[in-house]
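coords.txt (compact mmCIF, C-alpha atoms)
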```txt
# COMPACT_ATOMS: atom_id res chain seq x y z
CA MET A 2 58.66 18.75 18.23
CA LEU A 3 56.59 19.77 15.21
CA PHE A 4 58.24 17.52 12.64
CA SER A 5 58.02 14.45 14.85
CA ARG A 6 54.23 14.69 14.71
CA LEU A 7 53.90 15.11 10.92
CA GLY A 8 53.04 11.54 9.93
CA LEU A 9 52.68 11.70 6.16
CA PRO A 10 52.30 8.95 3.54
CA PRO A 11 55.14 8.28 1.08
CA GLY A 12 53.52 10.46 -1.61
CA ALA A 13 53.93 13.67 0.38
CA TRP A 14 57.08 15.60 0.98
CA VAL A 15 58.02 18.13 3.58
CA VAL A 16 60.61 20.74 2.75
CA SER A 17 62.22 22.76 5.51
CA GLU A 18 65.50 24.44 6.36
CA LYS A 19 67.96 22.69 8.57
CA GLU A 20 67.92 25.37 11.23
CA VAL A 21 64.12 25.28 11.54
CA ASP A 22 64.22 21.48 11.61
CA LYS A 23 66.69 21.63 14.47
CA ASP A 24 64.51 23.96 16.52
CA TYR A 25 61.27 22.07 16.02
CA ASP A 26 62.53 18.50 16.01
CA SER A 27 64.31 18.52 19.34
CA ASP A 28 61.80 16.07 20.83
CA SER A 29 61.45 13.81 17.81
CA ASP A 30 61.03 10.09 18.20
CA GLU A 31 63.43 7.52 16.79
CA GLU A 32 60.89 6.38 14.22
CA THR A 33 59.34 8.81 11.78
CA TYR A 34 56.68 8.16 9.19
CA PHE A 35 57.56 10.72 6.56
CA ASP A 36 60.52 11.98 4.59
CA VAL A 37 61.99 15.41 5.24
CA ASN A 38 63.57 16.45 2.00
CA SER A 39 67.03 17.82 2.68
CA VAL A 40 67.36 21.51 1.92
CA CYS A 41 70.76 23.11 2.06
CA SER A 42 70.48 26.72 3.22
CA LYS A 43 73.58 28.85 3.41
CA PRO A 44 74.40 32.50 2.79
CA ALA A 45 76.41 33.30 -0.29
CA PHE A 46 79.53 35.46 -0.20
CA ASN A 47 77.40 38.55 -0.93
CA CYS A 48 75.01 37.71 1.96
CA GLU A 49 72.30 36.45 -0.39
CA THR A 50 70.27 33.40 0.58
CA LYS A 51 71.15 30.28 -1.38
CA LEU A 52 68.93 27.18 -1.26
CA GLN A 53 69.29 23.78 -2.85
CA ILE A 54 66.72 20.96 -2.69
CA GLY A 55 68.57 17.69 -2.26
CA GLU A 56 66.10 15.30 -3.91
CA SER A 57 63.56 15.28 -6.72
CA VAL A 58 60.11 16.69 -5.95
CA ARG A 59 58.64 16.17 -9.43
CA GLY A 60 54.96 15.31 -9.16
CA LYS A 61 55.03 15.49 -5.36
CA ASP A 62 52.96 17.44 -2.87
CA VAL A 63 55.51 19.81 -1.36
CA PHE A 64 54.80 21.17 2.12
CA ILE A 65 57.17 24.02 2.93
CA ILE A 66 57.31 24.53 6.68
CA GLN A 67 58.54 27.99 7.58
CA THR A 68 57.49 30.29 10.39
CA GLY A 69 58.22 33.90 11.22
CA THR A 70 61.11 34.63 13.56
CA ASN A 71 62.97 37.67 14.84
CA ASP A 72 64.44 37.91 11.33
CA PRO A 73 61.23 38.08 9.26
CA ASN A 74 62.85 39.34 6.06
CA ASN A 75 65.20 36.38 5.86
CA SER A 76 62.35 33.98 6.70
CA ILE A 77 60.17 35.37 3.92
CA MET A 78 62.96 35.23 1.33
CA GLU A 79 63.79 31.62 2.22
CA LEU A 80 60.12 30.69 1.88
CA LEU A 81 59.78 32.41 -1.50
CA ILE A 82 62.98 30.90 -2.89
CA MET A 83 61.99 27.41 -1.73
CA ALA A 84 58.55 27.76 -3.27
CA TYR A 85 59.98 28.97 -6.56
CA ALA A 86 62.57 26.18 -6.57
CA SER A 87 59.79 23.63 -6.07
CA LYS A 88 57.73 25.26 -8.82
CA THR A 89 60.57 25.08 -11.34
CA SER A 90 61.18 21.46 -10.26
CA CYS A 91 57.65 20.53 -11.45
CA ALA A 92 56.12 19.85 -8.04
CA ASN A 93 52.46 18.84 -8.10
CA ARG A 94 51.28 21.21 -5.38
CA ILE A 95 53.17 23.64 -3.17
CA ILE A 96 51.59 24.15 0.24
CA ALA A 97 53.19 26.65 2.62
CA VAL A 98 52.82 25.84 6.31
CA VAL A 99 53.51 29.16 8.03
CA PRO A 100 52.25 29.00 11.65
CA TYR A 101 53.14 32.66 12.21
CA LEU A 102 52.83 34.80 9.09
CA PRO A 103 55.28 37.73 9.18
CA TYR A 104 53.94 41.23 8.46
CA SER A 105 50.41 40.12 9.36
CA ARG A 106 50.03 43.11 11.68
CA GLN A 107 50.73 45.57 8.88
CA CYS A 108 47.45 44.97 7.10
CA LYS A 109 46.00 48.50 7.26
CA MET A 110 46.97 51.76 5.62
CA LYS A 111 48.40 54.28 8.08
CA LYS A 112 49.49 57.78 7.15
CA ARG A 113 51.56 57.68 3.95
CA GLY A 114 52.65 54.10 4.43
CA ALA A 115 51.72 50.90 2.65
CA ILE A 116 50.07 47.54 3.31
CA PRO A 117 53.01 45.08 3.43
CA SER A 118 50.69 42.18 4.24
CA LYS A 119 49.14 42.50 0.77
CA LEU A 120 52.62 42.63 -0.78
CA ILE A 121 53.65 39.44 1.03
CA ALA A 122 50.49 37.73 -0.20
CA ASN A 123 51.24 38.70 -3.80
CA LEU A 124 54.83 37.51 -3.54
CA MET A 125 53.80 34.15 -2.09
CA SER A 126 51.23 33.62 -4.83
CA LYS A 127 53.68 34.59 -7.59
CA SER A 128 56.36 32.27 -6.22
CA GLY A 129 54.14 29.26 -6.85
CA ILE A 130 52.42 28.65 -3.51
CA SER A 131 49.01 27.12 -4.20
CA HIS A 132 47.78 26.78 -0.60
CA LEU A 133 48.60 28.38 2.74
CA ILE A 134 48.21 26.91 6.22
CA THR A 135 48.66 29.42 9.01
CA MET A 136 47.41 30.01 12.53
CA ASP A 137 45.63 32.90 14.24
CA LEU A 138 46.14 35.72 11.77
CA HIS A 139 46.09 39.17 13.32
CA HIS A 140 43.02 39.92 11.21
CA LYS A 141 41.03 37.21 9.48
CA GLU A 142 40.43 39.54 6.55
CA ILE A 143 44.08 39.04 5.52
CA GLN A 144 42.93 35.82 3.85
CA GLY A 145 41.35 37.99 1.16
CA PHE A 146 44.80 39.28 0.13
CA PHE A 147 45.79 35.86 -1.20
CA ASN A 148 44.93 34.45 -4.61
CA CYS A 149 45.07 30.90 -3.22
CA PRO A 150 43.12 29.01 -0.51
CA VAL A 151 44.06 29.90 3.07
CA ASP A 152 43.36 27.78 6.15
CA ASN A 153 43.60 29.97 9.25
CA LEU A 154 43.78 27.45 12.08
CA ARG A 155 42.98 28.35 15.70
CA ALA A 156 45.07 27.59 18.76
CA SER A 157 42.39 28.58 21.27
CA SER A 158 41.32 24.99 21.97
CA PHE A 159 44.87 24.03 22.98
CA LEU A 160 45.24 27.10 25.20
CA ILE A 161 41.91 26.45 26.93
CA GLN A 162 42.84 22.80 27.39
CA TYR A 163 46.06 23.89 29.08
CA LEU A 164 44.07 26.01 31.53
CA LYS A 165 41.84 23.03 32.33
CA GLU A 166 44.84 20.77 32.91
CA CYS A 167 46.22 23.34 35.35
CA GLY A 168 43.02 23.08 37.40
CA THR A 169 41.88 26.64 36.75
CA ARG A 170 38.62 27.62 38.47
CA PHE A 171 36.75 29.39 35.70
CA ASP A 172 34.15 30.77 38.11
CA ARG A 173 36.90 33.08 39.40
CA VAL A 174 38.33 34.03 35.99
CA VAL A 175 37.84 37.22 34.02
CA VAL A 176 39.08 37.46 30.42
CA VAL A 177 40.74 40.82 29.72
CA ALA A 178 41.10 42.61 26.41
CA ARG A 179 44.26 44.71 26.53
CA THR A 180 42.83 47.10 23.94
CA PRO A 181 39.27 47.76 22.78
CA ALA A 182 40.23 46.25 19.43
CA GLN A 183 40.76 42.89 21.17
CA ALA A 184 37.33 42.91 22.81
CA ARG A 185 35.75 40.56 20.26
CA ARG A 186 38.50 38.01 20.68
CA ALA A 187 38.28 38.26 24.48
CA ASN A 188 34.51 37.85 24.31
CA ALA A 189 34.93 34.66 22.24
CA PHE A 190 37.20 33.22 24.94
CA ALA A 191 34.85 34.36 27.73
CA GLU A 192 31.88 32.63 26.10
CA ARG A 193 33.76 29.35 25.87
CA LEU A 194 35.03 29.62 29.44
CA ARG A 195 31.65 30.93 30.69
CA CYS A 196 33.22 33.79 32.60
CA ASN A 197 33.16 37.59 32.61
CA ILE A 198 35.07 40.02 30.42
CA ALA A 199 36.94 43.27 31.08
CA VAL A 200 38.44 45.81 28.69
CA ILE A 201 41.41 48.13 29.24
CA HIS A 202 41.38 51.51 27.53
CA GLY A 203 42.99 54.88 28.00
CA GLU A 204 46.16 56.86 27.43
CA GLY A 205 48.44 53.94 28.23
CA LEU A 206 47.76 52.59 24.74
CA GLN A 207 49.96 53.33 21.77
CA PRO A 208 48.88 56.64 20.19
CA GLU A 209 47.97 56.58 16.53
CA GLY A 210 49.41 60.00 15.80
CA ASP A 211 46.75 61.01 13.30
CA CYS A 212 47.55 64.64 13.98
CA ASN A 213 50.72 64.21 11.88
CA ASP A 214 48.82 62.65 9.02
CA GLY A 215 48.68 64.42 5.68
CA ARG A 216 44.92 64.64 6.06
CA SER A 217 45.43 67.38 8.66
CA SER A 218 47.63 69.51 6.42
CA PRO A 219 46.67 73.20 6.56
CA PRO A 220 44.98 74.75 3.53
CA ILE A 221 47.09 76.50 0.93
CA THR A 222 47.90 80.06 1.98
CA SER A 223 47.96 83.09 -0.24
CA GLY A 224 51.69 83.45 0.34
CA ASN A 225 52.41 80.72 -2.21
CA ALA A 226 52.12 82.61 -5.50
CA ALA A 227 52.56 79.49 -7.60
CA PHE A 228 49.30 77.97 -6.38
CA SER A 229 47.26 80.81 -4.91
CA PRO A 230 47.53 84.28 -6.45
CA PRO A 231 46.52 87.17 -4.21
CA ASP A 232 43.33 87.77 -6.17
CA PHE A 233 42.33 84.09 -6.20
CA ASP A 234 39.87 82.85 -3.58
CA VAL A 235 38.44 79.34 -3.59
CA GLY A 236 36.44 79.86 -0.42
CA LEU A 237 38.52 77.67 1.88
CA SER A 238 37.74 79.97 4.77
CA TYR A 239 34.10 78.83 4.60
CA ILE A 240 34.86 75.09 4.69
CA PRO A 241 34.50 73.72 8.24
CA PHE A 242 37.61 71.57 8.78
CA LEU A 243 36.56 69.18 11.51
CA GLY A 244 38.48 66.54 13.40
CA LEU A 245 41.92 68.05 12.87
CA ASN A 246 42.74 68.24 16.56
CA ALA A 247 44.85 65.56 18.19
CA LYS A 248 42.94 62.66 19.66
CA PHE A 249 42.45 62.79 23.40
CA LYS A 250 42.37 59.59 25.40
CA PRO A 251 41.23 59.41 29.02
CA PRO A 252 43.51 58.03 31.72
CA MET A 253 44.16 54.29 31.55
CA ASN A 254 41.21 52.50 33.09
CA ILE A 255 39.39 49.17 33.21
CA VAL A 256 35.82 48.56 32.11
CA GLY A 257 34.61 45.61 34.15
CA ASN A 258 35.26 44.07 37.55
CA VAL A 259 38.58 42.27 38.15
CA SER A 260 38.62 42.40 41.94
CA ASN A 261 39.43 39.02 43.54
CA GLN A 262 39.58 37.46 40.07
CA MET A 263 42.22 35.72 38.01
CA ALA A 264 42.76 38.01 35.01
CA ILE A 265 43.67 36.35 31.71
CA ILE A 266 44.81 38.69 28.93
CA VAL A 267 44.27 37.13 25.50
CA GLU A 268 46.16 38.24 22.38
CA ASP A 269 47.25 36.72 19.09
CA LEU A 270 50.85 37.96 19.30
CA ILE A 271 53.26 39.24 21.92
CA ASP A 272 56.36 40.95 20.55
CA ASP A 273 56.60 43.87 22.96
CA VAL A 274 56.40 43.03 26.66
CA HIS A 275 56.07 46.61 27.93
CA PRO A 276 52.32 47.10 27.19
CA PHE A 277 51.55 43.79 28.87
CA LYS A 278 53.56 44.79 31.93
CA GLN A 279 51.54 48.01 32.13
CA ALA A 280 48.29 46.07 31.85
CA ALA A 281 49.37 43.58 34.53
CA THR A 282 50.29 46.39 36.93
CA LEU A 283 46.93 48.09 36.36
CA LEU A 284 45.04 44.85 36.93
CA LYS A 285 46.91 44.16 40.16
CA GLU A 286 46.18 47.69 41.37
CA ASN A 287 42.47 47.05 40.76
CA GLY A 288 42.43 43.95 42.91
CA ALA A 289 43.24 41.08 40.54
CA ILE A 290 44.57 38.03 42.37
CA SER A 291 46.84 36.97 39.52
CA VAL A 292 47.47 37.97 35.91
CA LYS A 293 48.10 35.53 33.08
CA VAL A 294 48.88 36.45 29.48
CA MET A 295 47.77 33.96 26.85
CA CYS A 296 49.07 34.47 23.29
CA THR A 297 49.31 32.22 20.26
CA HIS A 298 52.58 33.61 18.92
CA GLY A 299 55.46 34.53 21.19
CA LEU A 300 57.99 36.61 19.25
CA LEU A 301 60.38 37.05 22.15
CA ASN A 302 64.09 37.39 22.69
CA HIS A 303 66.08 36.74 25.85
CA ASP A 304 65.63 40.26 27.20
CA ASP A 305 61.86 40.06 26.72
CA MET A 306 61.75 36.82 28.66
CA MET A 307 63.75 38.40 31.46
CA ASP A 308 61.26 41.29 31.57
CA VAL A 309 58.38 38.82 31.90
CA GLN A 310 60.21 37.01 34.68
CA GLN A 311 60.64 40.25 36.66
CA SER A 312 57.20 41.74 35.99
CA ASN A 313 53.77 41.48 37.62
CA ILE A 314 52.79 38.88 35.03
CA ASP A 315 52.31 35.62 36.89
CA GLU A 316 52.37 33.39 33.82
CA LEU A 317 52.87 33.81 30.08
CA ILE A 318 51.30 31.06 27.98
CA ILE A 319 52.39 30.80 24.35
CA THR A 320 52.43 28.10 21.70
CA ASN A 321 55.35 26.66 19.76
CA THR A 322 54.43 28.34 16.46
CA ILE A 323 57.67 30.31 16.90
CA PRO A 324 60.76 28.52 18.26
CA ASN A 325 61.63 29.91 21.70
CA ASP A 326 64.02 28.54 24.28
CA VAL A 327 62.12 29.03 27.53
CA THR A 328 64.47 26.90 29.61
CA GLY A 329 65.01 28.52 33.00
CA PHE A 330 62.05 30.91 32.73
CA THR A 331 59.51 29.63 35.23
CA LYS A 332 56.79 32.11 34.24
CA ILE A 333 56.74 31.15 30.55
CA HIS A 334 55.05 27.97 29.34
CA GLN A 335 54.74 26.65 25.80
CA VAL A 336 51.75 24.70 24.49
CA ASP A 337 52.33 22.22 21.69
CA VAL A 338 50.06 22.73 18.65
CA SER A 339 51.97 20.50 16.24
CA ILE A 340 49.23 17.87 16.16
CA LEU A 341 46.83 20.43 14.68
CA LEU A 342 49.24 21.36 11.89
CA SER A 343 50.04 17.74 11.16
CA GLU A 344 46.35 16.87 10.85
CA ALA A 345 45.84 19.84 8.52
CA ILE A 346 48.67 18.61 6.30
CA ARG A 347 47.27 15.08 6.23
CA ARG A 348 43.78 16.27 5.31
CA ILE A 349 45.03 18.51 2.53
CA HIS A 350 47.17 15.73 1.06
CA TYR A 351 44.23 13.31 1.02
CA GLY A 352 41.71 15.94 -0.08
CA GLU A 353 39.60 15.63 3.08
CA SER A 354 37.43 18.33 4.61
CA MET A 355 39.03 20.81 6.99
CA ALA A 356 35.76 21.57 8.80
CA TYR A 357 36.60 19.13 11.60
CA LEU A 358 39.53 21.31 12.67
CA PHE A 359 37.23 24.31 13.13
CA ARG A 360 34.51 22.64 15.19
CA ASN A 361 33.25 24.58 18.23
CA ILE A 362 35.29 27.63 17.17
CA PRO A 363 33.36 30.93 17.48
CA SER A 364 33.35 33.25 14.50
CA ASP A 365 35.04 36.01 16.51
CA ASP A 366 37.96 33.81 17.57
```

Any chance you could put this one into structure tokens?
Amino acid sequence: MLFSRLGLPPGAWVVSEKEVDKDYDSDSDEETYFDVNSVCSKPAFNCETKLQIGESVRGKDVFIIQTGTNDPNNSIMELLIMAYASKTSCANRIIAVVPYLPYSRQCKMKKRGAIPSKLIANLMSKSGISHLITMDLHHKEIQGFFNCPVDNLRASSFLIQYLKECGTRFDRVVVVARTPAQARRANAFAERLRCNIAVIHGEGLQPEGDCNDGRSSPPITSGNAAFSPPDFDVGLSYIPFLGLNAKFKPPMNIVGNVSNQMAIIVEDLIDDVHPFKQAATLLKENGAISVKVMCTHGLLNHDDMMDVQQSNIDELIITNTIPNDVTGFTKIHQVDVSILLSEAIRRIHYGESMAYLFRNIPSDD
């Protein structure tokens, strides 16, 4: 589906794995207008990834099309190896087309962890990638992690167009933010649809667990002779340690009116269906006529799709940035965004402006 829309001139090359090509190109036409350079991808005897580019890419613009899947580590390694293979083969430019960027959610420091999103950005830059095309990053600030240009495309126009084609009455629609952190994104959708907004908050959300953070460690006691002799007093008893108690969240509630309205929950990614099922049940209990979930990336397996089919969610709308087989699931619909990616590739190859692809897109989207 995606590759059939990538109409490139002879000077551009698209590199992709065979398995990704099979998933995306199921609806391809008989006639194509670009060359897909054959890449042989197979695991070695020691389970390492082995890649081989079948044709010369010397002096070419190489577009590596790879998206995140349920096996993100393997996807990232294949992308890095392909980029490095193109770099050592003297490619002119190496542009990574990654509709869903793995590890994009892990872009903040929590407890004693790390920021894997920054690590992925460094690895991609070191492997030879000179440009990145992606879609709906979890946080737009992730673009600052990269040492190369990043084009963060938006799928909101395609999702809104799908709602219009379905004959949705926007005067009876309320856009819902599943968490307070998604309020800005929901507000951007509500402004474009000219409808109201509601926000869900409360104890039904995932706890952050800051009470187990090292920042709440107790002060050193006098019982530890190695660090605090009995006659040594640094005055810790006079320091007011504030905010060390566990966070308290009120019961799950809705800010805004959803009664007799069609509730549309907007998110950038759905990989866990359970929180969305909770939100749909709460919205129905507060008088919502129907509940739709609209996400750009659908990282789902078969069990997740079965949960959606049996839940209070009336419809799940996702795009084809991640290959999903939704055959037989009447509540799940995919929106094709391949034309947007293909136009981005064409403009980058010809050195044209990308501003046209971001027209009428709010800053908070």

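Of the residues listed (A:Leu358, A:Val99, A:Val259, A:Leu160), A:Leu160 shows the shortest atom-to-atom separation from Asp337 in chain A; distances use only C-alpha atoms.
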
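Shortest atom-to-atom contact with Ala187 in chain A among A:Ile96, A:Ile314, A:Ala280, A:Ala199: A:Ala199, counting all atoms listed in the file.
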
Non-local contacts of range 263-276 of chain A (9 Å; all atoms listed in the file; under 5 positions in same chain excluded) as JSON, numbers by chain:
{"A": [137, 138, 139, 170, 171, 173, 174, 175, 176, 177, 178, 179, 183, 186, 187, 190, 199, 205, 206, 207, 281, 284, 289, 290, 291, 292, 293, 294, 295, 296, 297, 298, 299, 300, 301, 302, 305, 306, 308, 309, 319]}

Output file for the residues above (C-alpha atoms, as a PDB file, in the frame of the given file):
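Wrote it out as part_25.pdb, contents follow:
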```pdb
ATOM      1  CA  ASP A 137      45.630  32.900  14.240  1.00  0.00           C
ATOM      2  CA  LEU A 138      46.140  35.720  11.770  1.00  0.00           C
ATOM      3  CA  HIS A 139      46.090  39.170  13.320  1.00  0.00           C
ATOM      4  CA  ARG A 170      38.620  27.620  38.470  1.00  0.00           C
ATOM      5  CA  PHE A 171      36.750  29.390  35.700  1.00  0.00           C
ATOM      6  CA  ARG A 173      36.900  33.080  39.400  1.00  0.00           C
ATOM      7  CA  VAL A 174      38.330  34.030  35.990  1.00  0.00           C
ATOM      8  CA  VAL A 175      37.840  37.220  34.020  1.00  0.00           C
ATOM      9  CA  VAL A 176      39.080  37.460  30.420  1.00  0.00           C
ATOM     10  CA  VAL A 177      40.740  40.820  29.720  1.00  0.00           C
ATOM     11  CA  ALA A 178      41.100  42.610  26.410  1.00  0.00           C
ATOM     12  CA  ARG A 179      44.260  44.710  26.530  1.00  0.00           C
ATOM     13  CA  GLN A 183      40.760  42.890  21.170  1.00  0.00           C
ATOM     14  CA  ARG A 186      38.500  38.010  20.680  1.00  0.00           C
ATOM     15  CA  ALA A 187      38.280  38.260  24.480  1.00  0.00           C
ATOM     16  CA  PHE A 190      37.200  33.220  24.940  1.00  0.00           C
ATOM     17  CA  ALA A 199      36.940  43.270  31.080  1.00  0.00           C
ATOM     18  CA  GLY A 205      48.440  53.940  28.230  1.00  0.00           C
ATOM     19  CA  LEU A 206      47.760  52.590  24.740  1.00  0.00           C
ATOM     20  CA  GLN A 207      49.960  53.330  21.770  1.00  0.00           C
ATOM     21  CA  ALA A 281      49.370  43.580  34.530  1.00  0.00           C
ATOM     22  CA  LEU A 284      45.040  44.850  36.930  1.00  0.00           C
ATOM     23  CA  ALA A 289      43.240  41.080  40.540  1.00  0.00           C
ATOM     24  CA  ILE A 290      44.570  38.030  42.370  1.00  0.00           C
ATOM     25  CA  SER A 291      46.840  36.970  39.520  1.00  0.00           C
ATOM     26  CA  VAL A 292      47.470  37.970  35.910  1.00  0.00           C
ATOM     27  CA  LYS A 293      48.100  35.530  33.080  1.00  0.00           C
ATOM     28  CA  VAL A 294      48.880  36.450  29.480  1.00  0.00           C
ATOM     29  CA  MET A 295      47.770  33.960  26.850  1.00  0.00           C
ATOM     30  CA  CYS A 296      49.070  34.470  23.290  1.00  0.00           C
ATOM     31  CA  THR A 297      49.310  32.220  20.260  1.00  0.00           C
ATOM     32  CA  HIS A 298      52.580  33.610  18.920  1.00  0.00           C
ATOM     33  CA  GLY A 299      55.460  34.530  21.190  1.00  0.00           C
ATOM     34  CA  LEU A 300      57.990  36.610  19.250  1.00  0.00           C
ATOM     35  CA  LEU A 301      60.380  37.050  22.150  1.00  0.00           C
ATOM     36  CA  ASN A 302      64.090  37.390  22.690  1.00  0.00           C
ATOM     37  CA  ASP A 305      61.860  40.060  26.720  1.00  0.00           C
ATOM     38  CA  MET A 306      61.750  36.820  28.660  1.00  0.00           C
ATOM     39  CA  ASP A 308      61.260  41.290  31.570  1.00  0.00           C
ATOM     40  CA  VAL A 309      58.380  38.820  31.900  1.00  0.00           C
ATOM     41  CA  ILE A 319      52.390  30.800  24.350  1.00  0.00           C
TER      42      ILE A 319
END
```

Write out as a PyMOL selection string which residues come within 8 Å of Ser128 in chain A when counting only C-alpha atoms, dropping same-chain ones fewer than 5 positions away.
chain A and resi 81-82+84-85+88

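The two atoms in question, CA of Gly145 in chain A and CA of Cys108 in chain A, are spaced 11.0 Å apart.
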
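For the residues A:Ala182, A:Gly352, A:Leu164, A:Asn71, ranking by smallest atom-to-atom distance to Val336 in chain A using only C-alpha atoms places A:Leu164 first.
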
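Excluding Pro100 in chain A and any residue on its chain fewer than 4 positions from it, the residues at most 7 Å away by only C-alpha atoms are Thr68, Thr135, Met136 and Thr322 of chain A.
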
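CA of Leu80 in chain A is found 16.5 Å from CA of Cys48 in chain A.
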
Quick check, in Å to one decimal: how far apart do CA of Asn148 in chain A and CA of Leu120 in chain A lie?
11.9 Å

Neighbour list for Ile346 in chain A as a PDB file with C-alpha atoms, in the frame of the given file, cut-off 9 Å, only C-alpha atoms, skip fewer than 2 positions in-chain:
```
ATOM      1  CA  LEU A   7      53.900  15.110  10.920  1.00  0.00           C
ATOM      2  CA  LEU A   9      52.680  11.700   6.160  1.00  0.00           C
ATOM      3  CA  PHE A  64      54.800  21.170   2.120  1.00  0.00           C
ATOM      4  CA  ILE A  96      51.590  24.150   0.240  1.00  0.00           C
ATOM      5  CA  VAL A  98      52.820  25.840   6.310  1.00  0.00           C
ATOM      6  CA  ILE A 134      48.210  26.910   6.220  1.00  0.00           C
ATOM      7  CA  LEU A 341      46.830  20.430  14.680  1.00  0.00           C
ATOM      8  CA  LEU A 342      49.240  21.360  11.890  1.00  0.00           C
ATOM      9  CA  SER A 343      50.040  17.740  11.160  1.00  0.00           C
ATOM     10  CA  GLU A 344      46.350  16.870  10.850  1.00  0.00           C
ATOM     11  CA  ARG A 348      43.780  16.270   5.310  1.00  0.00           C
ATOM     12  CA  ILE A 349      45.030  18.510   2.530  1.00  0.00           C
ATOM     13  CA  HIS A 350      47.170  15.730   1.060  1.00  0.00           C
ATOM     14  CA  TYR A 351      44.230  13.310   1.020  1.00  0.00           C
TER      15      TYR A 351
END
```

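With all atoms listed in the file as the basis for measurement, A:Gly69 is the residue among A:His303, A:Gly69, A:Ser260, A:Met78 that approaches Asn321 in chain A most closely.
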
Taking only C-alpha atoms into account, which of A:Ile323, A:Ile130, A:Ile121, A:Ile161 comes nearest Ser339 in chain A?
A:Ile323
